[in-house]
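> If it helps, the file is called my_file_15.csv and holds CSV, C-alpha atoms:
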chain,number,residue,atom,x,y,z
A,1015,MET,CA,44.9,-22.3,33.9
A,1016,SER,CA,43.5,-21.7,37.3
A,1017,GLU,CA,45.9,-20.9,40.2
A,1018,ASP,CA,43.1,-20.5,42.7
A,1019,VAL,CA,41.4,-23.9,42.7
A,1020,ASN,CA,42.4,-25.9,45.7
A,1021,PRO,CA,43.3,-29.5,44.5
A,1022,PHE,CA,42.4,-31.1,47.8
A,1023,GLU,CA,38.9,-29.5,47.6
A,1024,SER,CA,38.7,-30.8,44.0
A,1025,LEU,CA,39.4,-34.3,45.1
A,1026,GLN,CA,36.8,-34.1,47.8
A,1027,GLU,CA,34.2,-32.9,45.3
A,1028,GLN,CA,35.1,-35.7,42.9
A,1029,ILE,CA,34.5,-38.2,45.7
A,1030,ASP,CA,31.2,-36.6,46.7
A,1031,ASP,CA,30.1,-36.7,43.0
A,1032,ALA,CA,30.7,-40.4,42.8
A,1033,ALA,CA,29.4,-41.4,46.2
A,1034,GLN,CA,25.7,-41.5,45.1
A,1035,TYR,CA,26.6,-44.4,42.8
A,1036,VAL,CA,28.2,-46.4,45.7
A,1037,ASP,CA,26.6,-48.1,48.6
A,1038,VAL,CA,28.5,-46.2,51.3
A,1039,SER,CA,27.4,-44.4,54.5
A,1040,ARG,CA,28.1,-40.8,55.0
A,1041,ASP,CA,30.5,-41.3,57.9
A,1042,VAL,CA,32.6,-43.8,56.0
A,1043,LEU,CA,32.6,-41.5,53.0
A,1044,GLU,CA,34.0,-38.7,55.2
A,1045,ARG,CA,36.7,-41.0,56.3
A,1046,LEU,CA,37.7,-41.6,52.7
A,1047,LYS,CA,38.0,-37.8,52.0
A,1048,HIS,CA,40.8,-37.1,54.5
A,1049,PRO,CA,44.4,-38.3,54.8
A,1050,GLU,CA,45.3,-40.6,57.7
A,1051,ARG,CA,48.5,-38.6,58.4
A,1052,VAL,CA,50.7,-36.0,56.9
A,1053,LEU,CA,54.4,-35.5,57.7
A,1054,GLU,CA,55.5,-31.9,57.4
A,1055,THR,CA,59.2,-31.3,57.9
A,1056,THR,CA,61.9,-28.6,57.4
A,1057,LEU,CA,65.1,-29.9,55.9
A,1058,SER,CA,68.4,-28.0,56.8
A,1059,VAL,CA,70.9,-28.7,54.0
A,1060,GLU,CA,74.4,-27.4,53.5
A,1061,MET,CA,75.0,-25.8,50.1
A,1062,ASP,CA,78.1,-26.0,48.0
A,1063,ASP,CA,79.3,-22.7,49.4
A,1064,GLY,CA,79.0,-23.8,53.0
A,1065,SER,CA,75.7,-21.9,53.7
A,1066,ILE,CA,72.7,-23.6,55.2
A,1067,GLU,CA,69.4,-23.5,53.3
A,1068,LEU,CA,66.0,-24.6,54.6
A,1069,PHE,CA,63.4,-26.6,52.5
A,1070,LYS,CA,59.8,-27.4,53.4
A,1071,ALA,CA,58.9,-31.0,52.6
A,1072,TYR,CA,55.8,-33.2,53.0
A,1073,ARG,CA,54.6,-36.8,52.9
A,1074,SER,CA,50.9,-37.6,53.0
A,1075,GLN,CA,49.7,-41.1,53.7
A,1076,PHE,CA,46.0,-40.9,52.7
A,1077,ASN,CA,44.6,-44.4,53.0
A,1078,GLY,CA,46.0,-47.8,53.6
A,1079,ASP,CA,42.9,-50.0,53.5
A,1080,ARG,CA,44.0,-51.9,50.4
A,1081,GLY,CA,47.7,-52.1,51.1
A,1082,PRO,CA,50.9,-50.1,51.7
A,1083,TYR,CA,50.8,-46.4,50.9
A,1084,LYS,CA,52.1,-45.7,47.4
A,1085,GLY,CA,53.0,-42.6,45.5
A,1086,GLY,CA,55.6,-40.3,44.1
A,1087,ILE,CA,57.9,-37.5,45.4
A,1088,ARG,CA,57.9,-34.3,43.4
A,1089,TYR,CA,60.4,-31.4,43.5
A,1090,HIS,CA,58.7,-28.2,42.6
A,1091,PRO,CA,58.4,-24.6,44.0
A,1092,GLY,CA,54.6,-24.9,44.0
A,1093,VAL,CA,54.5,-27.9,46.3
A,1094,ASN,CA,52.2,-27.3,49.3
A,1095,ARG,CA,50.3,-29.3,51.9
A,1096,ASP,CA,46.9,-29.3,50.2
A,1097,GLU,CA,48.5,-30.3,46.9
A,1098,VAL,CA,50.3,-33.3,48.5
A,1099,LYS,CA,47.1,-34.3,50.3
A,1100,ALA,CA,45.2,-34.2,47.1
A,1101,LEU,CA,47.8,-36.2,45.1
A,1102,SER,CA,47.9,-38.8,47.8
A,1103,GLY,CA,44.1,-39.2,47.7
A,1104,TRP,CA,44.1,-39.5,43.9
A,1105,MET,CA,46.7,-42.3,44.3
A,1106,VAL,CA,44.3,-44.2,46.6
A,1107,TYR,CA,41.6,-44.3,43.9
A,1108,LYS,CA,44.1,-44.7,41.1
A,1109,CYS,CA,45.4,-47.9,42.6
A,1110,ALA,CA,41.9,-49.1,43.3
A,1111,MET,CA,40.7,-48.3,39.8
A,1112,VAL,CA,43.4,-50.6,38.3
A,1113,ASN,CA,42.9,-53.0,41.1
A,1114,ILE,CA,46.5,-53.2,42.5
A,1115,PRO,CA,46.9,-53.9,46.2
A,1116,TYR,CA,48.1,-50.4,47.4
A,1117,GLY,CA,46.8,-47.5,49.3
A,1118,GLY,CA,47.8,-43.9,48.4
A,1119,GLY,CA,50.6,-41.6,49.4
A,1120,LYS,CA,52.5,-38.6,48.0
A,1121,GLY,CA,55.4,-36.4,48.9
A,1122,GLY,CA,57.2,-33.3,47.8
A,1123,ILE,CA,59.9,-30.7,48.5
A,1124,VAL,CA,59.4,-27.0,47.9
A,1125,ILE,CA,62.3,-26.5,45.6
A,1126,ASP,CA,63.2,-25.5,42.0
A,1127,PRO,CA,65.8,-28.2,41.1
A,1128,SER,CA,67.1,-26.2,38.2
A,1129,GLU,CA,68.6,-23.7,40.7
A,1130,TYR,CA,70.8,-26.3,42.5
A,1131,SER,CA,73.8,-28.4,41.6
A,1132,ALA,CA,73.7,-32.2,41.5
A,1133,SER,CA,75.6,-32.5,44.8
A,1134,GLU,CA,73.2,-30.1,46.5
A,1135,LEU,CA,70.2,-32.0,45.2
A,1136,GLU,CA,71.7,-35.2,46.5
A,1137,ARG,CA,72.1,-33.7,50.0
A,1138,VAL,CA,68.5,-32.4,49.9
A,1139,THR,CA,67.3,-35.9,48.8
A,1140,ARG,CA,69.3,-37.8,51.4
A,1141,SER,CA,68.1,-35.3,54.1
A,1142,PHE,CA,64.4,-36.0,53.1
A,1143,ALA,CA,65.1,-39.8,53.0
A,1144,THR,CA,66.4,-39.6,56.5
A,1145,GLU,CA,63.2,-37.9,57.6
A,1146,LEU,CA,61.1,-40.4,55.8
A,1147,ARG,CA,63.0,-43.4,57.2
A,1148,PRO,CA,60.6,-44.1,60.2
A,1149,ILE,CA,57.5,-44.1,58.1
A,1150,VAL,CA,58.5,-45.9,54.8
A,1151,GLY,CA,59.3,-49.5,54.0
A,1152,GLU,CA,58.3,-52.1,51.6
A,1153,ASP,CA,55.3,-53.1,53.7
A,1154,ARG,CA,54.5,-49.5,54.9
A,1155,ASP,CA,55.0,-46.8,52.4
A,1156,ILE,CA,56.7,-47.0,49.0
A,1157,PRO,CA,57.7,-43.7,47.3
A,1158,ALA,CA,58.4,-43.3,43.6
A,1159,PRO,CA,59.4,-40.6,41.1
A,1160,ASP,CA,57.1,-37.7,40.2
A,1161,VAL,CA,57.6,-34.2,38.8
A,1162,ASN,CA,61.3,-33.3,38.5
A,1163,THR,CA,62.5,-36.6,40.1
A,1164,GLY,CA,63.6,-39.8,38.5
A,1165,GLN,CA,65.9,-42.8,38.8
A,1166,ARG,CA,68.8,-40.7,40.2
A,1167,GLU,CA,66.7,-39.5,43.2
A,1168,MET,CA,65.1,-42.9,43.8
A,1169,ASN,CA,68.6,-44.5,43.9
A,1170,TRP,CA,69.8,-41.9,46.5
A,1171,ILE,CA,66.7,-42.6,48.7
A,1172,LYS,CA,67.2,-46.4,48.4
A,1173,ASP,CA,70.8,-46.1,49.3
A,1174,THR,CA,70.2,-43.7,52.3
A,1175,TYR,CA,67.4,-46.0,53.7
A,1176,GLU,CA,69.4,-49.2,53.3
A,1177,THR,CA,72.6,-47.6,54.8
A,1178,LEU,CA,70.7,-46.3,57.9
A,1179,GLU,CA,68.7,-49.4,58.3
A,1180,ARG,CA,71.8,-51.7,57.7
A,1181,THR,CA,69.8,-53.8,55.3
A,1182,THR,CA,69.1,-54.6,51.7
A,1183,GLU,CA,65.5,-53.6,50.8
A,1184,PRO,CA,65.1,-52.6,47.2
A,1185,GLY,CA,61.4,-52.7,47.5
A,1186,VAL,CA,61.4,-49.6,49.8
A,1187,ILE,CA,61.1,-47.4,46.7
A,1188,THR,CA,60.3,-47.8,43.0
A,1189,GLY,CA,61.3,-46.1,39.9
A,1190,LYS,CA,64.9,-47.0,40.4
A,1191,ALA,CA,67.5,-47.6,37.7
A,1192,PRO,CA,67.5,-51.3,36.5
A,1193,ASP,CA,70.9,-51.9,37.9
A,1194,SER,CA,69.7,-50.8,41.3
A,1195,GLY,CA,66.6,-53.0,41.3
A,1196,GLY,CA,64.4,-51.1,39.0
A,1197,SER,CA,62.0,-52.6,36.5
A,1198,LEU,CA,62.4,-52.5,32.7
A,1199,GLY,CA,59.5,-50.6,31.1
A,1200,ARG,CA,59.1,-48.2,34.1
A,1201,VAL,CA,60.3,-45.0,32.3
A,1202,GLU,CA,57.6,-45.1,29.6
A,1203,ALA,CA,54.9,-46.7,31.7
A,1204,THR,CA,52.7,-43.6,32.2
A,1205,GLY,CA,52.9,-42.7,28.6
A,1206,ARG,CA,52.1,-46.3,27.6
A,1207,SER,CA,49.0,-46.4,29.8
A,1208,THR,CA,47.9,-43.1,28.2
A,1209,MET,CA,48.3,-44.6,24.8
A,1210,LEU,CA,46.4,-47.8,25.8
A,1211,THR,CA,43.6,-45.8,27.3
A,1212,ALA,CA,43.4,-43.6,24.1
A,1213,ARG,CA,43.5,-46.7,21.9
A,1214,GLU,CA,40.7,-48.4,23.9
A,1215,ALA,CA,38.7,-45.2,24.0
A,1216,PHE,CA,38.8,-44.7,20.2
A,1217,GLU,CA,37.7,-48.3,19.7
A,1218,TRP,CA,34.9,-47.9,22.2
A,1219,LEU,CA,33.7,-44.7,20.5
A,1220,GLY,CA,34.1,-46.1,17.0
A,1221,LYS,CA,36.8,-43.7,16.1
A,1222,ASP,CA,39.9,-44.5,13.9
A,1223,MET,CA,43.3,-43.8,15.5
A,1224,GLU,CA,45.0,-43.7,12.0
A,1225,ASP,CA,45.7,-40.1,11.2
A,1226,ALA,CA,43.9,-38.9,14.4
A,1227,THR,CA,45.2,-35.4,15.4
A,1228,VAL,CA,46.8,-35.2,18.8
A,1229,ALA,CA,47.9,-32.3,21.0
A,1230,VAL,CA,50.1,-32.9,24.0
A,1231,GLN,CA,50.4,-30.3,26.7
A,1232,GLY,CA,53.6,-31.1,28.6
A,1233,TYR,CA,56.3,-32.8,26.6
A,1234,GLY,CA,58.0,-34.4,29.6
A,1235,ASN,CA,58.3,-38.1,30.4
A,1236,ALA,CA,54.6,-38.9,30.3
A,1237,GLY,CA,53.7,-36.7,27.4
A,1238,TRP,CA,56.4,-37.5,25.0
A,1239,ASN,CA,56.2,-41.3,25.6
A,1240,ALA,CA,52.4,-41.1,25.0
A,1241,ALA,CA,53.1,-39.1,21.8
A,1242,LYS,CA,55.6,-41.6,20.3
A,1243,LEU,CA,53.5,-44.6,21.2
A,1244,LEU,CA,50.4,-43.0,19.6
A,1245,GLU,CA,52.4,-42.0,16.6
A,1246,ASP,CA,53.4,-45.7,16.3
A,1247,LEU,CA,49.6,-46.5,16.1
A,1248,GLY,CA,49.3,-44.0,13.2
A,1249,ALA,CA,48.2,-40.9,15.1
A,1250,ASN,CA,49.4,-37.5,14.0
A,1251,ILE,CA,51.1,-35.3,16.7
A,1252,VAL,CA,50.2,-31.8,15.6
A,1253,ALA,CA,51.1,-29.8,18.8
A,1254,ALA,CA,53.3,-30.2,21.9
A,1255,SER,CA,54.3,-27.9,24.7
A,1256,ASP,CA,56.4,-27.5,27.8
A,1257,SER,CA,56.8,-24.7,30.3
A,1258,SER,CA,58.4,-22.4,27.6
A,1259,GLY,CA,55.4,-22.6,25.3
A,1260,ALA,CA,53.9,-24.7,22.5
A,1261,VAL,CA,54.7,-25.5,18.9
A,1262,TYR,CA,52.2,-26.5,16.2
A,1263,ARG,CA,52.4,-28.0,12.7
A,1264,GLU,CA,49.2,-28.9,10.8
A,1265,SER,CA,50.8,-31.9,9.1
A,1266,GLY,CA,52.3,-33.2,12.3
A,1267,PHE,CA,55.7,-33.6,14.0
A,1268,ASP,CA,58.0,-36.6,14.3
A,1269,ALA,CA,57.5,-37.2,18.0
A,1270,ARG,CA,61.0,-38.6,18.5
A,1271,ALA,CA,62.8,-35.8,16.6
A,1272,LEU,CA,60.9,-33.2,18.6
A,1273,LYS,CA,62.1,-34.9,21.8
A,1274,ASP,CA,65.7,-34.9,20.6
A,1275,PHE,CA,65.4,-31.2,20.0
A,1276,LYS,CA,64.1,-30.6,23.5
A,1277,ARG,CA,67.0,-32.7,24.9
A,1278,GLU,CA,69.5,-30.6,23.0
A,1279,THR,CA,68.0,-27.2,23.8
A,1280,GLY,CA,65.9,-27.7,26.9
A,1281,SER,CA,62.7,-26.6,25.3
A,1282,VAL,CA,60.3,-27.4,22.4
A,1283,SER,CA,60.2,-23.7,21.5
A,1284,GLY,CA,62.2,-22.8,18.5
A,1285,TYR,CA,61.8,-26.1,16.8
A,1286,ASP,CA,62.5,-25.4,13.1
A,1287,GLU,CA,59.8,-27.8,11.9
A,1288,ALA,CA,57.1,-25.8,13.7
A,1289,GLU,CA,54.7,-23.7,11.6
A,1290,GLU,CA,53.6,-21.7,14.6
A,1291,GLU,CA,54.4,-21.0,18.2
A,1292,MET,CA,51.7,-20.5,20.7
A,1293,SER,CA,50.8,-20.5,24.4
A,1294,ASN,CA,49.9,-23.6,26.4
A,1295,ASP,CA,46.3,-22.3,26.6
A,1296,ASP,CA,46.2,-22.0,22.8
A,1297,LEU,CA,47.3,-25.6,22.5
A,1298,LEU,CA,44.6,-26.8,25.0
A,1299,THR,CA,41.9,-25.2,22.8
A,1300,LEU,CA,43.1,-26.6,19.4
A,1301,ASP,CA,40.5,-28.5,17.3
A,1302,VAL,CA,42.0,-32.0,17.6
A,1303,ASP,CA,40.7,-35.5,17.9
A,1304,LEU,CA,42.7,-36.2,21.1
A,1305,LEU,CA,44.0,-33.8,23.8
A,1306,ILE,CA,46.5,-35.0,26.3
A,1307,PRO,CA,47.1,-32.7,29.3
A,1308,ALA,CA,50.4,-34.1,30.7
A,1309,ALA,CA,51.7,-31.3,32.9
A,1310,LEU,CA,50.4,-30.2,36.3
A,1311,GLU,CA,47.0,-30.0,38.0
A,1312,ASN,CA,44.4,-27.3,37.2
A,1313,ALA,CA,45.6,-26.8,33.6
A,1314,ILE,CA,42.0,-26.4,32.4
A,1315,ASP,CA,39.5,-24.4,34.4
A,1316,ALA,CA,35.9,-23.6,33.5
A,1317,ASP,CA,36.7,-20.6,31.4
A,1318,LEU,CA,39.3,-22.4,29.3
A,1319,ALA,CA,37.1,-25.4,29.0
A,1320,GLU,CA,34.5,-23.3,27.1
A,1321,ASP,CA,37.1,-23.1,24.3
A,1322,VAL,CA,38.2,-26.7,24.3
A,1323,GLU,CA,37.5,-28.3,20.9
A,1324,ALA,CA,39.0,-31.7,21.3
A,1325,ASP,CA,36.7,-34.7,20.9
A,1326,VAL,CA,38.5,-36.8,23.5
A,1327,VAL,CA,40.7,-35.9,26.5
A,1328,CYS,CA,43.0,-38.4,28.2
A,1329,GLU,CA,44.5,-37.1,31.4
A,1330,ALA,CA,48.2,-38.0,31.6
A,1331,ALA,CA,48.7,-35.5,34.4
A,1332,ASN,CA,47.2,-35.7,37.8
A,1333,GLY,CA,44.1,-33.5,38.2
A,1334,PRO,CA,44.6,-31.3,35.0
A,1335,LEU,CA,40.9,-30.4,34.9
A,1336,THR,CA,39.1,-28.5,37.7
A,1337,PRO,CA,35.6,-29.8,38.7
A,1338,ASP,CA,34.0,-26.8,37.0
A,1339,ALA,CA,35.9,-27.6,33.8
A,1340,ASP,CA,34.5,-31.2,34.0
A,1341,ASP,CA,31.0,-29.8,34.1
A,1342,VAL,CA,31.6,-27.6,31.1
A,1343,LEU,CA,33.1,-30.5,29.0
A,1344,GLN,CA,30.2,-32.7,30.0
A,1345,GLU,CA,27.8,-30.2,28.6
A,1346,LYS,CA,29.9,-30.1,25.4
A,1347,GLU,CA,29.8,-33.9,25.2
A,1348,VAL,CA,33.6,-34.2,25.3
A,1349,TYR,CA,34.7,-37.6,26.5
A,1350,VAL,CA,37.2,-37.2,29.4
A,1351,PHE,CA,39.1,-40.3,30.4
A,1352,PRO,CA,40.3,-39.6,33.9
A,1353,ASP,CA,43.8,-39.5,35.3
A,1354,ILE,CA,43.1,-42.4,37.8
A,1355,LEU,CA,43.0,-44.7,34.7
A,1356,THR,CA,44.9,-42.9,32.0
A,1357,ASN,CA,48.1,-42.3,33.9
A,1358,ALA,CA,48.0,-45.4,36.1
A,1359,GLY,CA,50.8,-47.1,34.1
A,1360,GLY,CA,53.4,-45.6,36.4
A,1361,VAL,CA,52.0,-47.0,39.6
A,1362,THR,CA,51.2,-50.3,37.9
A,1363,VAL,CA,54.7,-50.9,36.7
A,1364,SER,CA,55.9,-49.6,40.1
A,1365,TYR,CA,53.8,-52.5,41.6
A,1366,PHE,CA,55.5,-54.9,39.1
A,1367,GLU,CA,58.9,-53.5,40.3
A,1368,TRP,CA,58.0,-54.0,43.9
A,1369,VAL,CA,56.9,-57.6,43.2
A,1370,GLN,CA,60.2,-58.3,41.4
A,1371,ASN,CA,62.2,-56.7,44.2
A,1372,ARG,CA,60.5,-58.9,46.8
A,1373,GLN,CA,60.9,-62.1,44.7
A,1374,ARG,CA,64.4,-61.2,43.6
A,1375,PHE,CA,63.3,-62.3,40.2
A,1376,TYR,CA,63.2,-59.8,37.3
A,1377,TRP,CA,61.0,-59.8,34.3
A,1378,THR,CA,61.7,-59.0,30.6
A,1379,GLU,CA,60.4,-55.7,29.2
A,1380,GLU,CA,58.1,-57.7,27.0
A,1381,ARG,CA,56.5,-59.3,30.0
A,1382,VAL,CA,56.2,-55.9,31.8
A,1383,ASN,CA,54.4,-54.4,28.8
A,1384,GLU,CA,52.1,-57.3,28.4
A,1385,GLU,CA,51.1,-57.3,32.0
A,1386,LEU,CA,50.6,-53.5,31.9
A,1387,GLU,CA,48.3,-53.8,28.9
A,1388,ARG,CA,46.3,-56.5,30.6
A,1389,VAL,CA,45.8,-54.3,33.7
A,1390,ILE,CA,44.9,-51.2,31.8
A,1391,VAL,CA,42.5,-52.9,29.4
A,1392,ASP,CA,40.7,-54.7,32.2
A,1393,ALA,CA,40.4,-51.4,34.1
A,1394,PHE,CA,39.1,-49.7,31.0
A,1395,ASP,CA,36.5,-52.4,30.6
A,1396,ASP,CA,35.5,-52.0,34.3
A,1397,LEU,CA,35.1,-48.2,33.8
A,1398,VAL,CA,33.0,-48.3,30.6
A,1399,GLU,CA,30.8,-51.2,32.0
A,1400,THR,CA,30.0,-49.0,35.1
A,1401,PHE,CA,29.5,-46.0,32.9
A,1402,ASP,CA,27.1,-47.9,30.6
A,1403,SER,CA,25.2,-49.7,33.3
A,1404,THR,CA,24.6,-46.7,35.6
A,1405,ASP,CA,23.4,-43.1,35.0
A,1406,ALA,CA,26.8,-41.8,36.0
A,1407,PRO,CA,27.1,-38.4,34.2
A,1408,THR,CA,30.8,-38.7,33.3
A,1409,LEU,CA,33.5,-41.2,32.9
A,1410,ARG,CA,35.3,-39.7,35.9
A,1411,VAL,CA,32.3,-40.2,38.2
A,1412,ALA,CA,32.1,-43.8,37.0
A,1413,ALA,CA,35.8,-44.4,37.6
A,1414,TYR,CA,35.5,-43.0,41.2
A,1415,ALA,CA,32.5,-45.2,41.7
A,1416,VAL,CA,34.5,-48.3,40.8
A,1417,ALA,CA,37.5,-47.2,42.9
A,1418,ILE,CA,35.5,-46.0,46.0
A,1419,GLY,CA,33.5,-49.2,46.0
A,1420,ARG,CA,36.7,-51.3,46.2
A,1421,VAL,CA,38.2,-49.2,49.0
A,1422,VAL,CA,34.9,-49.3,51.0
A,1423,ASP,CA,34.8,-53.1,50.6
A,1424,ALA,CA,38.4,-53.4,51.9
A,1425,TYR,CA,37.6,-51.1,54.8
A,1426,GLU,CA,34.4,-52.9,55.8
A,1427,GLN,CA,36.0,-56.3,55.5
A,1428,GLY,CA,38.8,-55.2,57.9
A,1429,GLY,CA,36.5,-53.4,60.3
A,1430,ASN,CA,37.1,-50.3,62.3
A,1431,TRP,CA,38.8,-50.4,65.7
A,1432,PRO,CA,40.8,-48.0,67.9
Starting from the coordinates I provided, produce the structure as C-alpha cells.


Amino acid sequence: MSEDVNPFESLQEQIDDAAQYVDVSRDVLERLKHPERVLETTLSVEMDDGSIELFKAYRSQFNGDRGPYKGGIRYHPGVNRDEVKALSGWMVYKCAMVNIPYGGGKGGIVIDPSEYSASELERVTRSFATELRPIVGEDRDIPAPDVNTGQREMNWIKDTYETLERTTEPGVITGKAPDSGGSLGRVEATGRSTMLTAREAFEWLGKDMEDATVAVQGYGNAGWNAAKLLEDLGANIVAASDSSGAVYRESGFDARALKDFKRETGSVSGYDEAEEEMSNDDLLTLDVDLLIPAALENAIDADLAEDVEADVVCEAANGPLTPDADDVLQEKEVYVFPDILTNAGGVTVSYFEWVQNRQRFYWTEERVNEELERVIVDAFDDLVETFDSTDAPTLRVAAYAVAIGRVVDAYEQGGNWP
C-alpha cells in the first residue's frame, strides 16, 4: 500500500489519460480537473468531560454541471483536503458513468470515531451539519454515508438541518434509516453493484462464476455484501480482511458466518474456520479469479501490483489502485473494472432515495434492486462498447471517456458565463 501517492493527483492523471478519447478542448479539460469550491472548517465540540476539542472538517463541491453535488461524508483520521477533493471528483465521473443527474461532492472529518462516545459523535456530527447548512439542500448538495458513517449520522444531519431551517426536507441527505425517509436496499447497494459488475464482467470474458475464487480486501459494508451476493451466485470466498489482518481458507468461507464473527468480535482475525492468517498485502496478491479491493484508496501501488495474480479486479473502494499500479496490471493483462462503475450502487440508490423523498412515494426493495440492476448493466454495456470500439488501453480509461464526454456535453449545453 502506498501512503505517498496523492489521490487528487491520481484523479487528474486519470482524467488526462482519458481526455485523448474525448472531443474536449484543453481549457475545458482543465476546468474539469479542479473543484469549484472547498469548505474547510474547524469544529469546536464539547466532550463528555466538559473539555473542548477541535476537529478539522471539509466539504468539496467539485462539479455541478449535471446536477446537485452528491457524495458521502467520512470520519477517519486520514481525512485531508486533497483526499476530499479527489473523492469529490471521482463522484462527478461516477455519477456520469451510470448516467444519473448529479454532480460530485465529498466531505470528511479528521476523527477516529472509535475513540469517542455516541453522544460525542452526535455533537461532532451536528456541529458539522450546522457548518454545512448554508451550502447543502436537496437542489444544491446532498451528502450521504461513507467510511465510518451510516444511517445514524445521516439521521442526525437531517434532523439538524430541518430543525435549523424550520422545514421538512428529507431529500437534503441520503443513506438515512427507512423510518427517517431512507430507501430500502440502500445498505447493500454498493456490494450489489460490485456483484453485478463482476457478474457482467465474467459473462463478457467468457468466465464461469460458479466456483470462482474470490478474495475481498475490506470486510465492511461494501466488501461483505459483495461477498454474500457473489456467494449466492456460486462463487467461493476464499479470503477476507479488515484493518486487523486477513484470513484464508482454500475451500472457502461461509460469507455470512464470517460477518457474524466479525460483528461479535470486531474483527475477522481469529476466525476458527480459517486455515491461515495473513496480511492485507498477502491477500491482495493471492492467485484468485476475482479480487475485490473494498477498503481505502491507494491499497495497491506499482510494487504490489507486480505480485497481483488475480484475473479480474473489481474496485469496490474508491481509488484503490494508484495510476502506476494500473499500468502494471495493464501489462499483465489483468482486467480492472473501475470504481466509478463497480461501486456506483451506493450513489445510484441514493439517487432513488432522493427521488422517493421528493415524491413522498416509497418503493419496494424489489423495485429498488431491479432499477439498480438496470442502471449498472446499462452502464457496463456503455463501458465495454467504448472499450471495444476505441483503442482505449484500459477499462478505466474507457469509463472516464464515457463520463467526461457526458460532463463536457452538459457544460457546453449550458455555456460559460461570469

> Give me the residues near Trp1104 of chain A as a PyMOL selection string, where near means some atom within 8 Å (using only C-alpha atoms) and where sequence neighbours in that chain fewer than 6 positions away do not count.

chain A and resi 1025+1118+1332+1354

> Just give me the gap between atom CA of Lys1084 of chain A and atom CA of Thr1163 of chain A in Å, one decimal is fine.

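That distance, rounded to one decimal, is 15.6 Å.
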
> May I ask for the distance between atom CA of Val1098 of chain A and atom CA of Arg1372 of chain A, given in Å to one decimal place?

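Separation between atom CA of Val1098 of chain A and atom CA of Arg1372 of chain A: 27.6 Å.
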
> Have a look at atom CA of Ala1331 of chain A and atom CA of Glu1044 of chain A and let me know their distance in Å, one decimal.

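Separating atom CA of Ala1331 of chain A from atom CA of Glu1044 of chain A is a distance of 25.7 Å.
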
> Kindly indicate which residue among A:Glu1129, A:Glu1176, A:Glu1214, A:Glu1054 lies nearest to Leu1355 of chain A, using all atoms listed in the file for the distances.

A:Glu1214

> Using all atoms listed in the file, determine which residues lie at most 7 Å from segment 1273-1288 of chain A, disregarding the query and same-chain residues fewer than 6 positions distant; provide the list as a list of chain:residue names.

A:Ser1255, A:Asp1256, A:Ser1258, A:Gly1259, A:Ala1260, A:Val1261, A:Tyr1262, A:Arg1263

> Rank A:Ala1132, A:Ser1039, A:Ile1123, A:Trp1368 by their smallest atom-to-atom distance to Gly1151 of chain A, using all atoms listed in the file, and report the top residue only.

A:Trp1368

> Taking 3 positions as the minimum chain separation for residues in the same chain, which residues sit within 7 Å of Asn1357 of chain A when counting all atoms listed in the file? Answer as a list in words.

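Everything that qualifies: Thr1204, Ser1207, Thr1208, Glu1329, Ala1330, Ala1331, Asp1353, Ile1354 and Gly1360 of chain A.
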
> Quick one: everything within 10 Å of Pro1192 of chain A, counting only C-alpha atoms, minus sequence neighbours fewer than 4 positions away in the same chain. Send it as a list in words.

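The neighbour list is Gln1165, Gly1196, Ser1197, Leu1198, Gly1199, Arg1200, Glu1367 and Tyr1376 of chain A.
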
> Could you tell me, as an MDAnalysis selection string, which residues have any atom at most 6 Å from (53.3, -34.3, 35.6), counting all atoms listed in the file?

chainID A and resid 1161 1308:1310 1331

> Which residues are close to Asp1296 of chain A, i.e. within 12 Å by only C-alpha atoms, leaving aside same-chain residues fewer than 3 positions away? Reply as a list of chain:residue names.

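Those residues are A:Met1015, A:Ala1229, A:Val1230, A:Gln1231, A:Ala1253, A:Ala1254, A:Ser1255, A:Gly1259, A:Ala1260, A:Val1261, A:Tyr1262, A:Glu1290, A:Glu1291, A:Met1292, A:Ser1293, A:Thr1299, A:Leu1300, A:Asp1301, A:Ala1313, A:Ile1314, A:Leu1318, A:Ala1319, A:Asp1321, A:Val1322, A:Glu1323.
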
> Choose the residue, out of A:Gln1028, A:Asn1250, A:Asn1113, A:Thr1188, that has the smallest atom-to-atom separation from Ala1226 of chain A; count all atoms listed in the file.

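Among the listed residues, the smallest separation from Ala1226 of chain A belongs to A:Asn1250.
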
> Counting only C-alpha atoms, which residue out of A:Arg1154, A:Asn1371, A:Pro1127, A:Pro1148 sits closest to Thr1182 of chain A?

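Checking each candidate against Thr1182 of chain A, we get A:Asn1371 as the closest.
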
> Could you check the closest approach to Val1093 of chain A for each of A:Leu1304, A:Ala1203, A:Val1124, A:Ala1339 and tell me which residue wins, using all atoms listed in the file?

A:Val1124

> Within 8 Å of (52.8, -35.8, 25.1) (file coordinates; all atoms listed in the file), which protein or nucleic acid residues are there? I'd like them as JSON, numbers by chain.

{"A": [1205, 1229, 1230, 1231, 1232, 1233, 1234, 1235, 1236, 1237, 1238, 1239, 1240, 1241, 1254, 1306, 1307, 1308]}

> When you count only C-alpha atoms, which of these residues is closest to Thr1211 of chain A: A:Thr1055, A:Asn1430, A:Thr1356, A:Thr1336?

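Among the listed residues, the smallest separation from Thr1211 of chain A belongs to A:Thr1356.
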